[in-house]
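Next comes coords.txt, with compact mmCIF, C-alpha atoms.
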# COMPACT_ATOMS: atom_id res chain seq x y z
CA MET A 1 -4.57 22.46 -11.44
CA THR A 2 -1.87 24.21 -9.41
CA LYS A 3 0.64 21.81 -7.92
CA THR A 4 1.41 22.15 -4.24
CA THR A 5 4.37 20.78 -2.34
CA SER A 6 4.46 19.64 1.29
CA THR A 7 7.56 18.77 3.29
CA PHE A 8 8.26 15.88 5.62
CA ALA A 9 10.34 16.64 8.71
CA ILE A 10 12.58 13.67 9.52
CA ALA A 11 14.08 12.70 12.88
CA ALA A 12 15.85 9.38 13.52
CA LEU A 13 14.14 7.05 15.98
CA ALA A 14 16.22 5.84 18.89
CA GLY A 15 17.27 2.19 18.86
CA PHE A 16 17.86 1.76 15.12
CA SER A 17 21.19 1.97 13.33
CA THR A 18 22.49 1.24 9.85
CA LEU A 19 24.44 -2.04 9.82
CA ALA A 20 24.01 -3.15 6.21
CA LEU A 21 27.07 -4.84 4.71
CA ALA A 22 28.52 -4.06 1.30
CA GLY A 23 26.66 -5.87 -1.47
CA GLU A 24 23.49 -6.42 0.53
CA VAL A 25 20.18 -5.55 -1.06
CA SER A 26 17.66 -3.79 1.16
CA THR A 27 14.22 -2.38 0.47
CA THR A 28 13.12 1.05 1.63
CA PHE A 29 9.57 1.07 2.96
CA ILE A 30 7.29 3.95 3.90
CA ALA A 31 4.37 3.51 6.31
CA THR A 32 1.81 6.13 7.30
CA ASN A 33 -0.78 6.27 10.04
CA GLY A 34 -3.06 9.26 9.68
CA THR A 35 -0.54 12.00 8.85
CA LEU A 36 2.38 10.47 10.76
CA GLY A 37 4.79 8.30 8.83
CA TYR A 38 7.89 6.14 9.05
CA VAL A 39 10.63 5.39 6.55
CA PHE A 40 12.80 2.35 7.19
CA GLU A 41 15.08 -0.07 5.41
CA THR A 42 15.33 -3.83 5.79
CA GLY A 43 18.20 -6.15 5.04
CA THR A 44 20.01 -9.05 6.61
CA GLY A 45 22.59 -6.67 8.03
CA GLY A 46 20.23 -4.50 10.02
CA ALA A 47 17.79 -1.65 9.61
CA GLN A 48 17.34 2.08 10.00
CA SER A 49 14.09 3.82 10.87
CA ASP A 50 13.05 7.45 10.59
CA GLU A 51 9.92 9.22 11.77
CA LEU A 52 8.36 11.90 9.62
CA THR A 53 5.48 14.34 9.75
CA LEU A 54 3.56 15.78 6.80
CA THR A 55 2.87 19.50 6.91
CA ASN A 56 -0.34 20.88 5.38
CA PRO A 57 -1.72 17.33 5.21
CA PRO A 58 -5.06 15.91 4.09
CA GLU A 59 -7.23 14.33 6.78
CA ALA A 60 -5.19 11.12 6.43
CA ILE A 61 -2.83 9.35 4.06
CA GLN A 62 -4.88 6.24 3.26
CA ALA A 63 -2.76 4.40 0.71
CA ILE A 64 0.72 4.20 -0.83
CA SER A 65 2.07 2.28 -3.82
CA ASN A 66 4.04 2.79 -7.02
CA GLY A 67 2.64 4.38 -10.15
CA ILE A 68 3.00 3.28 -13.76
CA ASN A 69 6.05 5.56 -14.07
CA GLY A 70 7.81 3.87 -11.15
CA ARG A 71 7.37 6.77 -8.73
CA THR A 72 5.98 6.34 -5.23
CA ILE A 73 2.42 7.69 -4.96
CA LEU A 74 0.52 8.61 -1.78
CA HIS A 75 -3.26 8.89 -1.67
CA GLY A 76 -5.04 10.94 0.97
CA SER A 77 -8.62 11.60 2.02
CA ARG A 78 -10.27 14.97 2.49
CA THR A 79 -13.02 15.78 4.98
CA ASP A 80 -15.51 16.22 2.12
CA GLY A 81 -15.00 12.60 1.00
CA SER A 82 -12.76 13.43 -1.96
CA GLY A 83 -9.29 12.06 -2.57
CA VAL A 84 -5.95 13.69 -3.31
CA TRP A 85 -2.84 12.16 -4.96
CA TYR A 86 0.79 13.02 -4.28
CA TYR A 87 4.14 12.08 -5.71
CA LEU A 88 6.78 11.31 -3.08
CA ASN A 89 10.08 13.04 -3.79
CA ARG A 90 13.33 12.07 -2.08
CA ASN A 91 16.39 14.31 -2.08
CA GLY A 92 19.00 12.92 0.26
CA GLY A 93 17.50 13.03 3.75
CA THR A 94 14.56 15.21 2.74
CA LEU A 95 11.17 13.88 1.65
CA THR A 96 8.61 16.10 -0.04
CA THR A 97 5.24 15.43 -1.64
CA THR A 98 3.84 17.10 -4.73
CA GLU A 99 0.07 17.10 -5.21
CA PHE A 100 -0.80 16.28 -8.81
CA ALA A 101 -4.38 14.98 -9.01
CA GLN A 102 -7.74 14.90 -7.19
CA THR A 103 -10.63 12.45 -7.32
CA ASP A 104 -14.27 12.65 -6.22
CA VAL A 105 -13.82 9.74 -3.79
CA TRP A 106 -10.97 8.40 -1.73
CA TYR A 107 -9.69 4.81 -1.79
CA ASN A 108 -8.65 2.45 1.00
CA SER A 109 -5.67 1.17 -0.97
CA PHE A 110 -4.38 0.69 -4.51
CA THR A 111 -1.88 -1.45 -6.41
CA LEU A 112 -0.41 -2.04 -9.83
CA ALA A 113 -1.04 -5.37 -11.57
CA GLY A 114 1.25 -5.34 -14.54
CA GLU A 115 0.44 -2.16 -16.43
CA ARG A 116 -2.98 -1.74 -14.84
CA MET A 117 -3.97 -0.02 -11.60
CA PHE A 118 -6.64 -1.20 -9.17
CA ALA A 119 -8.04 0.39 -6.00
CA VAL A 120 -10.40 -0.49 -3.16
CA LYS A 121 -13.33 1.69 -2.18
CA ASN A 122 -16.24 1.37 0.23
CA ILE A 123 -19.72 1.04 -1.27
CA ALA A 124 -23.24 0.52 0.09
CA ASN A 125 -24.11 -2.21 2.62
CA ASP A 126 -20.55 -2.30 4.03
CA ALA A 127 -19.19 -4.11 0.97
CA ASP A 128 -15.91 -3.15 -0.68
CA GLN A 129 -15.38 -2.88 -4.41
CA ILE A 130 -12.17 -3.32 -6.38
CA VAL A 131 -12.17 -0.85 -9.24
CA GLU A 132 -9.77 -0.31 -12.10
CA LEU A 133 -8.25 3.15 -12.43
CA ASN A 134 -6.68 4.80 -15.41
CA PRO A 135 -3.03 4.81 -14.27
CA PHE A 136 -2.43 8.22 -15.83
CA ASN A 137 -5.40 10.33 -14.69
CA PHE A 138 -6.85 8.00 -11.97
CA ALA A 139 -10.38 8.02 -13.38
CA GLU A 140 -12.40 4.85 -12.72
CA ILE A 141 -12.67 2.74 -15.87
CA GLY A 142 -14.04 -0.58 -14.60
CA SER A 143 -14.59 -2.98 -11.71
CA ILE A 144 -13.62 -6.57 -11.00
CA GLY A 145 -16.35 -7.03 -8.43
CA SER A 146 -17.71 -6.28 -4.97
CA PHE A 147 -16.84 -8.37 -1.93
CA ASP A 148 -18.53 -8.65 1.45
CA ILE A 149 -15.32 -8.15 3.38
CA GLY A 150 -13.62 -5.10 4.88
CA ILE A 151 -10.57 -4.78 2.68
CA GLY A 152 -7.66 -2.91 4.20
CA GLY A 153 -4.53 -3.50 2.13
CA ILE A 154 -4.25 -4.98 -1.37
CA ALA A 155 -1.21 -6.32 -3.25
CA TRP A 156 -0.96 -8.05 -6.62
CA VAL A 157 1.10 -11.28 -6.38
CA PRO A 158 2.07 -12.40 -9.90
CA GLU A 159 3.24 -15.85 -8.77
CA LEU A 160 -0.27 -16.57 -7.47
CA GLY A 161 -2.15 -14.71 -10.18
CA GLU A 162 -4.15 -13.14 -7.34
CA PHE A 163 -4.68 -9.99 -5.38
CA VAL A 164 -3.88 -10.64 -1.72
CA VAL A 165 -6.15 -8.61 0.55
CA SER A 166 -6.68 -8.27 4.28
CA ASP A 167 -10.14 -8.41 5.84
CA THR A 168 -10.25 -6.15 8.90
CA ARG A 169 -13.57 -7.64 10.06
CA THR A 170 -12.39 -11.23 10.45
CA ASN A 171 -8.60 -10.64 10.70
CA THR A 172 -8.17 -12.94 7.70
CA PHE A 173 -6.17 -12.79 4.47
CA PHE A 174 -7.82 -13.70 1.18
CA GLY A 175 -6.68 -14.20 -2.38
CA ILE A 176 -8.81 -12.77 -5.19
CA SER A 177 -8.11 -14.36 -8.56
CA PHE A 178 -8.48 -12.18 -11.61
CA GLY A 179 -8.91 -13.43 -15.13
CA GLY A 180 -9.41 -10.06 -16.76
CA ASP A 181 -13.06 -9.31 -15.98
CA ALA A 182 -15.46 -9.27 -13.03
CA ALA A 183 -17.01 -12.63 -13.85
CA ALA A 184 -13.65 -14.35 -13.41
CA SER A 185 -12.93 -12.87 -9.95
CA THR A 186 -13.16 -15.41 -7.11
CA LEU A 187 -12.43 -15.16 -3.40
CA ARG A 188 -10.12 -17.69 -1.70
CA GLU A 189 -9.40 -17.76 2.03
CA ILE A 190 -5.68 -17.97 2.80
CA GLY A 191 -5.93 -17.99 6.59
CA SER A 192 -6.08 -16.04 9.83
CA ALA A 193 -3.61 -13.23 10.46
CA GLY A 194 -3.27 -14.38 14.07
CA ILE A 195 -3.66 -10.83 15.38
CA ARG A 196 -6.47 -8.30 15.51
CA TRP A 197 -6.14 -5.91 12.57
CA GLY A 198 -7.01 -2.27 12.43
CA GLY A 199 -6.24 -0.22 9.34
CA ASN A 200 -3.45 -1.71 7.27
CA GLY A 201 -1.58 -1.61 3.97
CA LEU A 202 0.17 -4.31 1.93
CA GLU A 203 2.93 -4.34 -0.69
CA TYR A 204 4.51 -7.01 -2.88
CA ASP A 205 8.32 -7.24 -3.04
CA ASN A 206 10.34 -10.01 -4.70
CA GLY A 207 7.91 -12.85 -4.08
CA ARG A 208 6.86 -11.72 -0.62
CA VAL A 209 4.00 -9.63 0.74
CA TYR A 210 4.84 -7.19 3.52
CA GLY A 211 2.47 -5.00 5.45
CA THR A 212 1.95 -2.46 8.17
CA GLY A 213 -1.15 -2.36 10.33
CA ILE A 214 -2.64 -1.40 13.66
CA ARG A 215 -2.38 -4.32 16.09
CA GLY A 216 -5.63 -4.27 18.01
CA GLU A 217 -4.28 -6.03 21.11
CA ASP A 218 -2.10 -3.07 22.11
CA MET A 219 -2.85 -0.33 19.51
CA MET A 220 0.68 -0.37 18.14
CA LEU A 221 1.65 0.19 14.50
CA VAL A 222 3.53 -2.93 13.41
CA PHE A 223 5.46 -4.03 10.32
CA GLY A 224 5.78 -7.63 9.16
CA GLU A 225 5.30 -10.25 6.46
CA VAL A 226 2.24 -12.22 5.37
CA ASN A 227 2.74 -15.99 5.21
CA LEU A 228 1.16 -16.72 1.84
CA GLN A 229 0.61 -20.38 2.78
CA THR A 230 -1.16 -19.92 6.13
CA GLY A 231 -2.20 -16.25 6.24
CA ALA A 232 -0.30 -15.65 9.47
CA PHE A 233 1.10 -12.14 9.84
CA GLU A 234 4.60 -12.40 11.24
CA VAL A 235 5.46 -9.15 13.06
CA GLN A 236 9.04 -8.05 12.49
CA ARG A 237 9.02 -4.60 14.04
CA VAL A 238 6.91 -2.27 16.17
CA LEU A 239 7.03 1.19 14.57
CA GLY A 240 5.25 3.15 17.28
CA GLU A 241 1.94 3.91 18.96
CA ALA A 242 -0.94 3.89 16.49
CA ALA A 243 -3.47 6.62 15.87
CA ARG A 244 -7.09 5.75 15.10
CA ALA A 245 -6.70 6.67 11.43
CA GLY A 246 -5.96 5.18 8.05
CA VAL A 247 -2.75 3.26 7.36
CA GLY A 248 -0.74 3.39 4.15
CA PHE A 249 2.25 1.27 3.23
CA GLY A 250 4.53 1.19 0.20
CA ILE A 251 8.01 0.95 -1.24
CA ILE A 252 10.36 3.77 -2.15
CA PRO A 253 12.32 2.56 -5.21
CA SER A 254 16.09 2.96 -5.19
CA PRO A 255 17.30 5.89 -7.31
CA GLY A 256 17.24 4.94 -10.97
CA VAL A 257 15.44 1.65 -10.35
CA LEU A 258 11.90 1.03 -11.62
CA PRO A 259 9.73 -1.62 -9.92
CA ILE A 260 9.12 -4.85 -11.80
CA LEU A 261 5.66 -4.77 -13.38
CA GLY A 262 4.86 -8.45 -12.99
CA ALA A 263 2.60 -10.07 -15.61
CA GLY A 264 2.42 -6.85 -17.64
CA GLY A 265 2.36 -8.63 -20.98
CA LEU A 266 -0.37 -11.00 -19.82
CA PHE A 267 -2.67 -8.20 -18.72
CA ALA A 268 -1.92 -6.08 -21.77
CA SER A 269 -2.91 -8.88 -24.14
CA ARG A 270 -6.11 -9.61 -22.23
CA ARG A 271 -7.04 -5.96 -22.27
CA ARG A 272 -6.76 -5.75 -26.05
CA ARG A 273 -9.23 -8.62 -26.41
CA ARG A 274 -11.91 -7.02 -24.20

Written as structure tokens, how would this file's structure read?
Amino acid sequence: MTKTTSTFAIAALAGFSTLALAGEVSTTFIATNGTLGYVFETGTGGAQSDELTLTNPPEAIQAISNGINGRTILHGSRTDGSGVWYYLNRNGGTLTTTEFAQTDVWYNSFTLAGERMFAVKNIANDADQIVELNPFNFAEIGSIGSFDIGIGGIAWVPELGEFVVSDTRTNTFFGISFGGDAAASTLREIGSAGIRWGGNGLEYDNGRVYGTGIRGEDMMLVFGEVNLQTGAFEVQRVLGEAARAGVGFGIIPSPGVLPILGAGGLFASRRRRR
């Protein structure tokens, strides 16, 4: 397949400045809504936000996370129902995406759990299914079950041994335990988000789950953190006006830094016994 490259145009948003102090550790996030996106950093010393636009885009960027090789991956949907995968490239202040794979269907969201990749897709009767993907060619190789909820974002939380997912129908967060096969998958209610959710994405970072979603009360795209005890979504920033389109959310690793693949050994050993 011929690889194609698209370019993000970046312009700083008014009202944000870089204030981070020496020695502080911040995380760089990327959020997308349709084909519009935002890149921003968080840290105790302040934050910077940029707005970006994807040229020659798919219908929408539906999901973002990190791949098995540590690179940031974006997943988009086509009008014919197929999906397209991109690597995100960062060179100074320029972001580009390189298309590297296509799939017959598109996915709401995806995440790594150790060395394994899982994604959410819509199936019949309004149920959502969590499927396992080959992390190298993105072919479906299994399923951990179907759930009668409208899953938006998904994040693997190794401390809980669960996938944390958002239900856009009831504005509730759930935990889905996973013991290695579909029979062991159970659904646990964490609690209400406290806001009306539209499309959203989730990402795990150092013991916390962050997310970006469309706040239904005012149709704004917001960033915040999920309280893993109560389910409440604590808004930390309004990114901008939301479009009625899919939302992706992920982390851009620092140069030379690979994300921690939590519980990789556990999953690898279980997989060998299957």

| field | Counting all atoms listed in the file, the residue of A:Gly240, A:Gly34, A:Gly161, A:Pro58 that sits nearest Gly81 of chain A | value |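 The closest residue to Gly81 of chain A is A:Pro58.
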
| query | Do you have the atom CA of Tyr210 of chain A-atom CA of His75 of chain A distance handy? | reply | 18.7 Å

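Atom CA of Gly231 of chain A lies 29.1 Å from atom CA of Arg71 of chain A.
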
| said: As an exercise, work out the distance from atom CA of Gly145 of chain A to atom CA of Asn122 of chain A in Å and give it to one decimal place. | reply: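 That distance, rounded to one decimal, is 12.1 Å.
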
| field | Point (-11.0, 6.8, -12.5), cut-off 10 Å, counting all atoms listed in the file, residues as a count of residues only | value | 18

| said: When you look at segment 212-224 of chain A with a cut-off of 9 Å (counting all atoms listed in the file), what residues show up, excluding the ones that are within fewer than 6 positions of it in the same chain? I need them as a VMD selection string. | reply: chain A and resid 31 to 33 152 to 153 195 to 202 233 to 244 247 to 249

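The nearest approach to Ser254 of chain A among the residues A:Arg90, A:Thr98, A:Tyr204, A:Ala232, with all atoms listed in the file taken into account, belongs to A:Arg90.
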
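Closest approach to Ala127 of chain A from the set A:Asp167, A:Trp106, A:Glu115, A:Phe174 is made by A:Asp167, with distances taken over all atoms listed in the file.
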
| field | Residue among A:Glu41, A:Asp128, A:Glu189, A:Glu203 lying closest to Thr170 of chain A, counting only C-alpha atoms | value |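 Residue with the minimum atom-to-atom distance to Thr170 of chain A: A:Glu189.
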
| Which is closest to Ala101 of chain A among A:Ser82, A:Thr28, A:Thr172, A:Ser65, if we use only C-alpha atoms? | A:Ser82

Could you add N, CA and C atoms to segment 87-112 of chain A and give me the result as an mmCIF file, in the coordinates of the input?
data_model
loop_
_atom_site.group_PDB
_atom_site.id
_atom_site.type_symbol
_atom_site.label_atom_id
_atom_site.label_comp_id
_atom_site.auth_asym_id
_atom_site.auth_seq_id
_atom_site.Cartn_x
_atom_site.Cartn_y
_atom_site.Cartn_z
ATOM 1 N N TYR A 87 2.886 12.756 -5.463
ATOM 2 C CA TYR A 87 4.140 12.080 -5.710
ATOM 3 C C TYR A 87 5.038 12.262 -4.498
ATOM 4 N N LEU A 88 5.779 11.213 -4.145
ATOM 5 C CA LEU A 88 6.780 11.310 -3.080
ATOM 6 C C LEU A 88 8.128 11.600 -3.728
ATOM 7 N N ASN A 89 8.777 12.655 -3.279
ATOM 8 C CA ASN A 89 10.080 13.040 -3.790
ATOM 9 C C ASN A 89 11.126 12.850 -2.701
ATOM 10 N N ARG A 90 12.272 12.286 -3.063
ATOM 11 C CA ARG A 90 13.330 12.070 -2.080
ATOM 12 C C ARG A 90 14.608 12.713 -2.566
ATOM 13 N N ASN A 91 15.138 13.625 -1.770
ATOM 14 C CA ASN A 91 16.390 14.310 -2.080
ATOM 15 C C ASN A 91 17.301 14.201 -0.881
ATOM 16 N N GLY A 92 18.158 13.169 -0.903
ATOM 17 C CA GLY A 92 19.000 12.920 0.260
ATOM 18 C C GLY A 92 18.155 12.557 1.451
ATOM 19 N N GLY A 93 18.270 13.310 2.541
ATOM 20 C CA GLY A 93 17.500 13.030 3.750
ATOM 21 C C GLY A 93 16.184 13.762 3.813
ATOM 22 N N THR A 94 15.794 14.438 2.735
ATOM 23 C CA THR A 94 14.560 15.210 2.740
ATOM 24 C C THR A 94 13.500 14.544 1.867
ATOM 25 N N LEU A 95 12.309 14.398 2.397
ATOM 26 C CA LEU A 95 11.170 13.880 1.650
ATOM 27 C C LEU A 95 10.151 14.987 1.463
ATOM 28 N N THR A 96 9.679 15.152 0.226
ATOM 29 C CA THR A 96 8.610 16.100 -0.040
ATOM 30 C C THR A 96 7.533 15.403 -0.853
ATOM 31 N N THR A 97 6.330 15.958 -0.827
ATOM 32 C CA THR A 97 5.240 15.430 -1.640
ATOM 33 C C THR A 97 4.693 16.524 -2.526
ATOM 34 N N THR A 98 4.402 16.166 -3.776
ATOM 35 C CA THR A 98 3.840 17.100 -4.730
ATOM 36 C C THR A 98 2.453 16.639 -5.134
ATOM 37 N N GLU A 99 1.437 17.438 -4.824
ATOM 38 C CA GLU A 99 0.070 17.100 -5.210
ATOM 39 C C GLU A 99 -0.070 17.243 -6.724
ATOM 40 N N PHE A 100 -0.682 16.205 -7.360
ATOM 41 C CA PHE A 100 -0.800 16.280 -8.810
ATOM 42 C C PHE A 100 -2.169 15.884 -9.341
ATOM 43 N N ALA A 101 -3.057 15.352 -8.516
ATOM 44 C CA ALA A 101 -4.380 14.980 -9.010
ATOM 45 C C ALA A 101 -5.363 14.911 -7.845
ATOM 46 N N GLN A 102 -6.665 15.043 -8.174
ATOM 47 C CA GLN A 102 -7.740 14.900 -7.190
ATOM 48 C C GLN A 102 -8.816 13.995 -7.774
ATOM 49 N N THR A 103 -9.530 13.300 -6.889
ATOM 50 C CA THR A 103 -10.630 12.450 -7.320
ATOM 51 C C THR A 103 -11.852 12.731 -6.447
ATOM 52 N N ASP A 104 -13.031 12.370 -6.953
ATOM 53 C CA ASP A 104 -14.270 12.650 -6.220
ATOM 54 C C ASP A 104 -14.400 11.810 -4.965
ATOM 55 N N VAL A 105 -13.765 10.628 -4.945
ATOM 56 C CA VAL A 105 -13.820 9.740 -3.790
ATOM 57 C C VAL A 105 -12.401 9.392 -3.376
ATOM 58 N N TRP A 106 -12.271 8.890 -2.149
ATOM 59 C CA TRP A 106 -10.970 8.400 -1.730
ATOM 60 C C TRP A 106 -10.994 6.878 -1.645
ATOM 61 N N TYR A 107 -9.815 6.263 -1.725
ATOM 62 C CA TYR A 107 -9.690 4.810 -1.790
ATOM 63 C C TYR A 107 -8.925 4.280 -0.582
ATOM 64 N N ASN A 108 -9.328 3.075 -0.141
ATOM 65 C CA ASN A 108 -8.650 2.450 1.000
ATOM 66 C C ASN A 108 -7.207 2.110 0.671
ATOM 67 N N SER A 109 -6.990 1.605 -0.554
ATOM 68 C CA SER A 109 -5.670 1.170 -0.970
ATOM 69 C C SER A 109 -5.667 1.009 -2.481
ATOM 70 N N PHE A 110 -4.488 0.884 -3.070
ATOM 71 C CA PHE A 110 -4.380 0.690 -4.510
ATOM 72 C C PHE A 110 -3.099 -0.072 -4.816
ATOM 73 N N THR A 111 -3.043 -0.654 -6.028
ATOM 74 C CA THR A 111 -1.880 -1.450 -6.410
ATOM 75 C C THR A 111 -1.787 -1.524 -7.923
ATOM 76 N N LEU A 112 -0.602 -1.751 -8.417
ATOM 77 C CA LEU A 112 -0.410 -2.040 -9.830
ATOM 78 C C LEU A 112 -0.447 -3.546 -10.040
#
